[in-house]
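Working notes for the structure below.
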Amino acid sequence: MKKKVVLIQATQMEGDKVKKVEKSYIVSRTMPYLAALFAEYSHGDWEIVLIDDYLKGESPFNETADLYAITAMVATLDRAIQIGEILKRKNPQIPVIIGGPGPTASLDKIKELAWFNSIFVGEAEITLRQFIEDFERGAVKKVYCSDRELLQKLGIIIPEHLIYYAEQKPDLMGLPVPRYDLLNLQRYTNPPWGLRGLLQSKYRAPQIPIEFGRGCPHHCEFCTVYKFWGPRIRRRPMTEVIDELRQYPPKAYMVITDDNLAAVEKETINLLKEIIRVKETEGYEWKFFGQFSTLATRNEELIELAGRAGFASAFLGLESIEPESLCLTGKEFNLGTVNHAFLETLRNLGLTKEQIKEASQKGIQVIALRRQGVPDNIIKECIKENYRQVFNKFTSAGVNPYASLIYGFDGDTVQTIHETTDFLIDAKVPVNYQWILTPLPGSRLAKRLEQEKRLYLPFNFSKSDSCYVLFEPKKMSREELEREFWASYHKFYSISSIIRRVVANPIVFRRPSYLGLLYNNLLYRSAVKNNIQPLSVGYRWCLETPEETGIRNLDFGIEEPSYGHRPRHAL
Ligand code: B12
Ligand code: SF4
């Protein structure tokens, strides 16, 4: 008989309740991809079942298995631990393993937990193969780590006999195609923009995630990407990406999971050219959504090709308009480089002729002006001008610029939040995702705030979805930050703002994506009205009690499962 692995994607918790939706708008790549790795490494010997814990009614607790494998981010780690504990108590002899960015960042917190036979740190391509071999031999290790360097960076010492290391990170060659067919795709809704193409497909998923590569060369203080994936960009071979794309419906809407497509411009350009060629010669009409740093717009060809390749929108890590905040967080490059449009701004703001002359002659970066002592109110106007130019370049190429902002940096005040919101509305940004600064475990930010005794401890995993204040802000109170964050979100997605930015915006109106943008704005409006982060929104969202998720029905041989393995977070 075939062995059976149950792969579980943990959802987020709120107190003791579990976040669930009737239908999700977002399909994740993680489980289907891990399923493909499992299938390949076990030569098809395993039956594979996927459980998306975010969906109402999907529960791992009544699934029999030879192995349970859980994936989690930091925000879903509490639930992952709860699931691990329940599965283990129910059936102690069945191995439970866990991996993903959550366990990687919080290895020190979970390595002592008895619920997990093995914990996966970093990427799975090499370690999962080794694990399956070890599993078959009945001798698994406690920790499987994708590379020595990562564990060193995490600063955790694990006795050699308990750990398997891969020598280096996987090279991303020959990756299998994710098994999206194993998901219950009826549970993922089709927003209108994807309807036509996706209804024709066997994949009834709204948006299909695809990976071009991993890594980011920058070191933004709040981010864990450069630590997890590494600062060196690894890209999948172009032909393999194109072959994977060919497996999807001709009109699929592809969400690229890479954190910064601007990072290796040349390779991105080559891939975009190839996508354009394949689309033109083979009749595909894929659309794309991808993440870019603002530096993307330095290269006009890149932006123009992104538009031609079918990028409907670009997620842009702006983070802030506050010079001090951008500099503190290591995102000086967002200040921009002085050019003609800037000169006008600078002249209007009263900069001396000499200063302007020098800046324009050298094409110097705005950060240099700041270092020369140009006051921050002027620098802030330059930053806004830079962002306007970034928006314009994407817009001219036919790509909708989506802004991503973070509030709560040490340079931010309540005024910063107000000013940023007004700027985004004034610049007619079609979509904005905003976050409260979150000191994720493993980030430089968490370390600094801990040293400064500004981190609220114990760290609340479930509240690390960037909608809560988990540290002492510098220039406003915690209450002010949380209140103004939501007030600003409400304002951005107010009816008058949607009319101004989308309905009465002639540029957006002419776009084929117009209806999609309007739909997104209305959907996000309803989310933020309920203080829900737009990216977490789903159809018929609710909080389920442990009983509703099937916990009480289990026969543990004990009265109640104790998932109070560590104190509930006191905030
Ligand atoms: C798409 C995406 C989303 C989507 C879909 C989420 C999903 N569950 O897939 C949405 C929009 C919903 C989302 C939401 C959020 N996200 Co998000 N998201 C991503 C993104 C861009 C791609 C994820 C992906 O598919 N990667 C490709 C897959 C293959 O990689 P992977 O999942 O990491 O899996 C690999 C390894 O981790 C490992 N692995 C993973 N699980 C397991 C399990 C086992 C058993 C094993 C053996 C191995 C293993 O093997 C895989 C192959 O090597 C990543 C960034 C990135 N580049 O990964 C951020 C990322 C995962 N998100 C992040 C965050 C913080 C969030 C949010 C909290 C919001 C926010 N503030 O940004 C919310 C939380 C939502 C929630 N409640 O669950 C962080 C997580 C940081 C952390 N340490 O936890 C990341 C890394 C981005 C970042 N800037 O730091 N996200
Ligand atoms: S925030 Fe973006 S640019 Fe900065 S390190 Fe993370 S992925 Fe790279």
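Letters A, B, ... mark the chains of the structure tokens in the order given; residue numbers begin at 1 per chain; ligand numbers begin at 1, in order shown.
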
Near-region 322-331 of chain A list (8 Å; only C-alpha atoms; drop same-chain fewer than 2 positions) as a CSV table (one decimal) with C-alpha atoms, in the first residue's frame:
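Wrote selection35.csv, looks like this:
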```csv
chain,number,residue,atom,x,y,z
A,219,HIS,CA,19.6,44.7,3.3
A,220,CYS,CA,16.5,46.6,4.4
A,221,GLU,CA,16.4,46.5,8.2
A,222,PHE,CA,12.9,45.2,8.5
A,319,GLU,CA,8.0,52.0,2.2
A,320,SER,CA,8.1,55.7,3.2
A,333,PHE,CA,18.0,54.3,-3.0
A,334,ASN,CA,14.3,55.3,-2.8
A,335,LEU,CA,15.3,58.9,-2.4
A,376,ASP,CA,14.5,67.1,5.1
A,379,ILE,CA,14.4,66.1,0.5
A,380,LYS,CA,10.8,64.8,1.1
A,383,ILE,CA,11.2,61.7,-2.7
A,409,PHE,CA,9.7,53.8,11.3
A,410,ASP,CA,11.7,55.9,13.8
A,411,GLY,CA,11.5,59.0,11.5
A,412,ASP,CA,7.7,58.7,11.2
A,416,THR,CA,3.9,61.4,8.1
```

Please report as a Markdown table every residue of chain A lying within 6 Å of ligand 1, along with the nearest atom pair and their distance in Å (one decimal), using only C-alpha atoms and all ligand atoms.
```
| residue | atom | partner | partner_atom_place_in_ligand_line | distance |
| --- | --- | --- | --- | --- |
| A:Thr11 | CA | ligand 1 | 78 (O) | 5.7 |
| A:Gln12 | CA | ligand 1 | 77 (N) | 4.9 |
| A:Ser28 | CA | ligand 1 | 9 (O) | 3.7 |
| A:Arg29 | CA | ligand 1 | 25 (O) | 4.4 |
| A:Thr30 | CA | ligand 1 | 32 (O) | 4.3 |
| A:Ala69 | CA | ligand 1 | 45 (C) | 4.4 |
| A:Ile70 | CA | ligand 1 | 45 (C) | 4.9 |
| A:Thr71 | CA | ligand 1 | 43 (C) | 3.9 |
| A:Met73 | CA | ligand 1 | 84 (O) | 3.6 |
| A:Val74 | CA | ligand 1 | 84 (O) | 3.7 |
| A:Ala75 | CA | ligand 1 | 68 (C) | 5.4 |
| A:Thr76 | CA | ligand 1 | 78 (O) | 5.8 |
| A:Ile97 | CA | ligand 1 | 45 (C) | 5.5 |
| A:Ile98 | CA | ligand 1 | 45 (C) | 4.3 |
| A:Gly99 | CA | ligand 1 | 43 (C) | 3.5 |
| A:Gly100 | CA | ligand 1 | 40 (C) | 3.2 |
| A:Pro101 | CA | ligand 1 | 83 (N) | 4.4 |
| A:Gly102 | CA | ligand 1 | 84 (O) | 4.4 |
| A:Ala105 | CA | ligand 1 | 83 (N) | 5.5 |
| A:Phe120 | CA | ligand 1 | 47 (C) | 5.3 |
| A:Gly122 | CA | ligand 1 | 36 (C) | 5.5 |
| A:Glu123 | CA | ligand 1 | 53 (O) | 3.3 |
| A:Ala124 | CA | ligand 1 | 53 (O) | 4.0 |
| A:Glu125 | CA | ligand 1 | 53 (O) | 5.5 |
| A:Leu128 | CA | ligand 1 | 47 (C) | 5.7 |
| A:Cys223 | CA | ligand 1 | 90 (O) | 5.5 |
| A:Thr224 | CA | ligand 1 | 90 (O) | 5.1 |
| A:Val225 | CA | ligand 1 | 90 (O) | 5.1 |
| A:Thr257 | CA | ligand 1 | 22 (C) | 4.3 |
| A:Asp258 | CA | ligand 1 | 57 (N) | 4.9 |
| A:Asp259 | CA | ligand 1 | 57 (N) | 5.1 |
| A:Asp465 | CA | ligand 1 | 68 (C) | 3.7 |
| A:Ser466 | CA | ligand 1 | 71 (N) | 4.6 |
| A:Leu535 | CA | ligand 1 | 11 (C) | 5.0 |
| A:Ser536 | CA | ligand 1 | 12 (C) | 5.7 |
```

Convert the current residue selection to file output with N, CA and C atoms, as a JSON list (two decimals), in the first residue's frame.
```json
[["chain", "number", "residue", "atom", "x", "y", "z"],
["A", 11, "THR", "N", -3.14, 28.31, 9.05],
["A", 11, "THR", "CA", -3.72, 29.65, 8.94],
["A", 11, "THR", "C", -3.27, 30.47, 10.14],
["A", 12, "GLN", "N", -3.84, 31.67, 10.27],
["A", 12, "GLN", "CA", -3.44, 32.55, 11.36],
["A", 12, "GLN", "C", -4.43, 32.42, 12.51],
["A", 28, "SER", "N", -1.71, 29.51, -2.86],
["A", 28, "SER", "CA", -0.31, 29.55, -2.48],
["A", 28, "SER", "C", 0.49, 28.55, -3.32],
["A", 29, "ARG", "N", 1.73, 28.89, -3.60],
["A", 29, "ARG", "CA", 2.58, 27.98, -4.36],
["A", 29, "ARG", "C", 3.20, 26.92, -3.45],
["A", 30, "THR", "N", 3.32, 27.26, -2.16],
["A", 30, "THR", "CA", 4.14, 26.43, -1.28],
["A", 30, "THR", "C", 3.70, 24.96, -1.24],
["A", 69, "ALA", "N", 3.10, 17.02, 7.31],
["A", 69, "ALA", "CA", 4.12, 18.05, 7.03],
["A", 69, "ALA", "C", 3.42, 19.41, 7.03],
["A", 70, "ILE", "N", 3.89, 20.30, 7.90],
["A", 70, "ILE", "CA", 3.21, 21.60, 8.06],
["A", 70, "ILE", "C", 4.11, 22.71, 7.52],
["A", 71, "THR", "N", 3.49, 23.69, 6.83],
["A", 71, "THR", "CA", 4.23, 24.86, 6.39],
["A", 71, "THR", "C", 3.68, 26.10, 7.09],
["A", 73, "MET", "N", 4.43, 30.58, 8.04],
["A", 73, "MET", "CA", 5.19, 31.82, 8.16],
["A", 73, "MET", "C", 5.21, 32.16, 9.64],
["A", 74, "VAL", "N", 5.88, 33.22, 10.02],
["A", 74, "VAL", "CA", 5.88, 33.60, 11.43],
["A", 74, "VAL", "C", 4.44, 33.88, 11.88],
["A", 75, "ALA", "N", 3.66, 34.57, 11.00],
["A", 75, "ALA", "CA", 2.29, 34.95, 11.38],
["A", 75, "ALA", "C", 1.39, 33.73, 11.61],
["A", 76, "THR", "N", 1.75, 32.59, 11.05],
["A", 76, "THR", "CA", 0.88, 31.41, 11.19],
["A", 76, "THR", "C", 1.52, 30.34, 12.08],
["A", 97, "ILE", "N", 6.39, 16.89, 10.67],
["A", 97, "ILE", "CA", 7.53, 17.76, 10.35],
["A", 97, "ILE", "C", 7.00, 19.16, 10.03],
["A", 98, "ILE", "N", 7.88, 20.14, 10.13],
["A", 98, "ILE", "CA", 7.46, 21.53, 9.89],
["A", 98, "ILE", "C", 8.57, 22.27, 9.16],
["A", 99, "GLY", "N", 8.18, 23.23, 8.29],
["A", 99, "GLY", "CA", 9.17, 24.04, 7.58],
["A", 99, "GLY", "C", 8.55, 25.34, 7.11],
["A", 100, "GLY", "N", 9.37, 26.17, 6.44],
["A", 100, "GLY", "CA", 8.88, 27.45, 5.93],
["A", 100, "GLY", "C", 9.60, 28.61, 6.58],
["A", 101, "PRO", "N", 9.25, 29.85, 6.17],
["A", 101, "PRO", "CA", 9.92, 31.02, 6.74],
["A", 101, "PRO", "C", 9.69, 31.17, 8.24],
["A", 102, "GLY", "N", 8.54, 30.70, 8.75],
["A", 102, "GLY", "CA", 8.24, 30.83, 10.18],
["A", 102, "GLY", "C", 9.19, 30.01, 11.04],
["A", 105, "ALA", "N", 12.80, 31.28, 10.86],
["A", 105, "ALA", "CA", 13.12, 32.50, 11.62],
["A", 105, "ALA", "C", 13.04, 32.26, 13.12],
["A", 120, "PHE", "N", 12.49, 21.92, 9.31],
["A", 120, "PHE", "CA", 13.22, 22.29, 8.11],
["A", 120, "PHE", "C", 13.57, 23.77, 8.14],
["A", 122, "GLY", "N", 15.10, 26.83, 6.07],
["A", 122, "GLY", "CA", 15.44, 27.28, 4.71],
["A", 122, "GLY", "C", 14.74, 26.46, 3.64],
["A", 123, "GLU", "N", 15.44, 26.29, 2.53],
["A", 123, "GLU", "CA", 14.82, 25.73, 1.33],
["A", 123, "GLU", "C", 14.81, 24.19, 1.35],
["A", 124, "ALA", "N", 13.84, 23.61, 0.64],
["A", 124, "ALA", "CA", 13.61, 22.17, 0.80],
["A", 124, "ALA", "C", 14.20, 21.29, -0.31],
["A", 125, "GLU", "N", 14.70, 21.92, -1.39],
["A", 125, "GLU", "CA", 15.02, 21.13, -2.57],
["A", 125, "GLU", "C", 16.04, 20.02, -2.29],
["A", 128, "LEU", "N", 14.77, 17.88, 1.56],
["A", 128, "LEU", "CA", 13.60, 16.99, 1.56],
["A", 128, "LEU", "C", 13.96, 15.63, 0.96],
["A", 223, "CYS", "N", 13.47, 43.55, 6.78],
["A", 223, "CYS", "CA", 13.18, 42.44, 5.89],
["A", 223, "CYS", "C", 14.02, 41.20, 6.23],
["A", 224, "THR", "N", 13.43, 40.03, 6.00],
["A", 224, "THR", "CA", 14.18, 38.79, 6.27],
["A", 224, "THR", "C", 14.54, 38.06, 4.97],
["A", 225, "VAL", "N", 14.13, 38.65, 3.85],
["A", 225, "VAL", "CA", 14.32, 37.97, 2.57],
["A", 225, "VAL", "C", 15.80, 37.69, 2.28],
["A", 257, "THR", "N", 6.52, 35.18, -7.52],
["A", 257, "THR", "CA", 6.80, 35.22, -6.07],
["A", 257, "THR", "C", 8.12, 35.92, -5.74],
["A", 258, "ASP", "N", 8.95, 36.18, -6.74],
["A", 258, "ASP", "CA", 10.25, 36.83, -6.47],
["A", 258, "ASP", "C", 10.06, 38.15, -5.72],
["A", 259, "ASP", "N", 11.01, 38.43, -4.82],
["A", 259, "ASP", "CA", 10.84, 39.61, -4.00],
["A", 259, "ASP", "C", 11.29, 40.89, -4.68],
["A", 465, "ASP", "N", 1.33, 40.03, 11.45],
["A", 465, "ASP", "CA", 0.90, 40.19, 10.06],
["A", 465, "ASP", "C", 0.92, 41.65, 9.62],
["A", 466, "SER", "N", 1.65, 42.46, 10.35],
["A", 466, "SER", "CA", 1.87, 43.87, 10.00],
["A", 466, "SER", "C", 0.62, 44.73, 10.13],
["A", 535, "LEU", "N", -4.67, 42.05, 1.58],
["A", 535, "LEU", "CA", -4.11, 40.82, 1.03],
["A", 535, "LEU", "C", -4.57, 39.57, 1.79],
["A", 536, "SER", "N", -5.16, 39.76, 2.95],
["A", 536, "SER", "CA", -5.62, 38.59, 3.72],
["A", 536, "SER", "C", -7.10, 38.35, 3.52]]
```

### Message
Residues near Lys19 (chain A), anyone? I mean within 8 Å using only C-alpha atoms, not counting same-chain ones fewer than 5 positions away, as a ChimeraX atom specification.
### Response
/A:11-14,54,541-544

### Task
Fewer than 2 positions away in the same chain doesn't count, so skip those; otherwise give me all residues within 10 Å of Lys88 (chain A), counting only C-alpha atoms, as a count of residues only.
18

### Message
One number please: CA of Leu67 (chain A) to CA of Lys4 (chain A), in Å, one decimal.
### Response
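So the answer is 6.6 Å.
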
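Computed from the coordinates, the CA of Ile126 (chain A) to CA of Pro170 (chain A) distance equals 6.5 Å.
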
For Lys227 (chain A), find every residue with an atom within 9 Å (counting only C-alpha atoms), except residues of its own chain fewer than 4 positions away, and show them as a PDB file with N, CA and C atoms, in the first residue's frame.
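And here's out36.pdb as it stands now:
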```pdb
ATOM      1  N   LEU A 150      23.252  29.755   6.299  1.00  0.00           N
ATOM      2  CA  LEU A 150      21.994  30.221   6.883  1.00  0.00           C
ATOM      3  C   LEU A 150      21.970  29.952   8.389  1.00  0.00           C
ATOM      4  N   LYS A 153      24.078  32.329  10.133  1.00  0.00           N
ATOM      5  CA  LYS A 153      23.440  33.647  10.229  1.00  0.00           C
ATOM      6  C   LYS A 153      22.383  33.665  11.326  1.00  0.00           C
ATOM      7  N   LEU A 154      21.713  32.527  11.515  1.00  0.00           N
ATOM      8  CA  LEU A 154      20.680  32.475  12.555  1.00  0.00           C
ATOM      9  C   LEU A 154      21.317  32.413  13.944  1.00  0.00           C
ATOM     10  N   GLY A 215      16.099  35.519  -3.764  1.00  0.00           N
ATOM     11  CA  GLY A 215      17.162  36.366  -3.229  1.00  0.00           C
ATOM     12  C   GLY A 215      16.935  37.840  -3.494  1.00  0.00           C
ATOM     13  N   CYS A 216      17.658  38.666  -2.720  1.00  0.00           N
ATOM     14  CA  CYS A 216      17.631  40.108  -2.941  1.00  0.00           C
ATOM     15  C   CYS A 216      18.952  40.679  -2.442  1.00  0.00           C
ATOM     16  N   HIS A 219      19.593  45.121   1.880  1.00  0.00           N
ATOM     17  CA  HIS A 219      19.591  44.683   3.281  1.00  0.00           C
ATOM     18  C   HIS A 219      18.648  45.538   4.111  1.00  0.00           C
ATOM     19  N   CYS A 223      13.472  43.553   6.785  1.00  0.00           N
ATOM     20  CA  CYS A 223      13.177  42.437   5.892  1.00  0.00           C
ATOM     21  C   CYS A 223      14.016  41.199   6.232  1.00  0.00           C
ATOM     22  N   PRO A 231      21.629  36.963  -0.263  1.00  0.00           N
ATOM     23  CA  PRO A 231      21.804  38.209  -1.008  1.00  0.00           C
ATOM     24  C   PRO A 231      22.129  37.989  -2.493  1.00  0.00           C
ATOM     25  N   GLY A 442      14.616  37.380  13.422  1.00  0.00           N
ATOM     26  CA  GLY A 442      15.693  37.176  12.438  1.00  0.00           C
ATOM     27  C   GLY A 442      16.043  38.436  11.672  1.00  0.00           C
ATOM     28  N   SER A 443      15.226  39.496  11.800  1.00  0.00           N
ATOM     29  CA  SER A 443      15.547  40.726  11.065  1.00  0.00           C
ATOM     30  C   SER A 443      16.493  41.591  11.895  1.00  0.00           C
TER      31      SER A 443
END
```

### Message
List as a list of chain:residue names the protein and nucleic acid residues near Pro534 (chain A), meaning an atom at most 8 Å away when only C-alpha atoms are counted, but skip any in the same chain fewer than 3 places from it.
### Response
A:Tyr433, A:Leu523, A:Tyr524, A:Ala527, A:Val528, A:Val537

### Query
Which of region 29-210 of chain A counts as alpha helix (DSSP H) under DSSP, as JSON, numbers by chain please?
{"A": [30, 31, 32, 33, 34, 35, 36, 37, 38, 39, 40, 41, 77, 78, 79, 80, 81, 82, 83, 84, 85, 86, 87, 88, 89, 90, 101, 102, 103, 104, 105, 107, 108, 109, 110, 127, 128, 129, 130, 131, 132, 133, 134, 135, 136, 137, 148, 149, 150, 151, 152, 153, 154, 195, 196, 197, 198, 199]}

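Of the listed residues A:Lys279, A:Arg444, A:Arg501, A:Arg371, the one whose atoms come nearest to ligand 2 is A:Arg444, with distances taken using only C-alpha atoms and all ligand atoms.
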
May I have all residues of region 410-508 of chain A that DSSP, computed from the backbone, assigns to strand (DSSP E), given as a JSON list (two decimals) with C-alpha atoms, in the first residue's frame?
```json
[["chain", "number", "residue", "atom", "x", "y", "z"],
["A", 431, "VAL", "CA", -3.84, 50.32, -5.34],
["A", 432, "ASN", "CA", -1.98, 50.71, -2.06],
["A", 433, "TYR", "CA", -0.97, 48.03, 0.45],
["A", 434, "GLN", "CA", 0.24, 49.41, 3.74],
["A", 435, "TRP", "CA", 1.73, 47.80, 6.79],
["A", 436, "ILE", "CA", 2.70, 48.58, 10.34]]
```

### Summary
Min atom-atom distance to Lys20 (chain A) from the set A:Lys251, A:Arg500, A:Arg246, A:Arg187, counting only C-alpha atoms, belongs to A:Arg187

### Message
Please list as an MDAnalysis selection string every residue within 12 Å of Ile364 (chain A), counting only C-alpha atoms and excluding residues in the same chain fewer than 6 positions away.
### Response
chainID A and resid 333 335:340 342:343 355:358 370:372
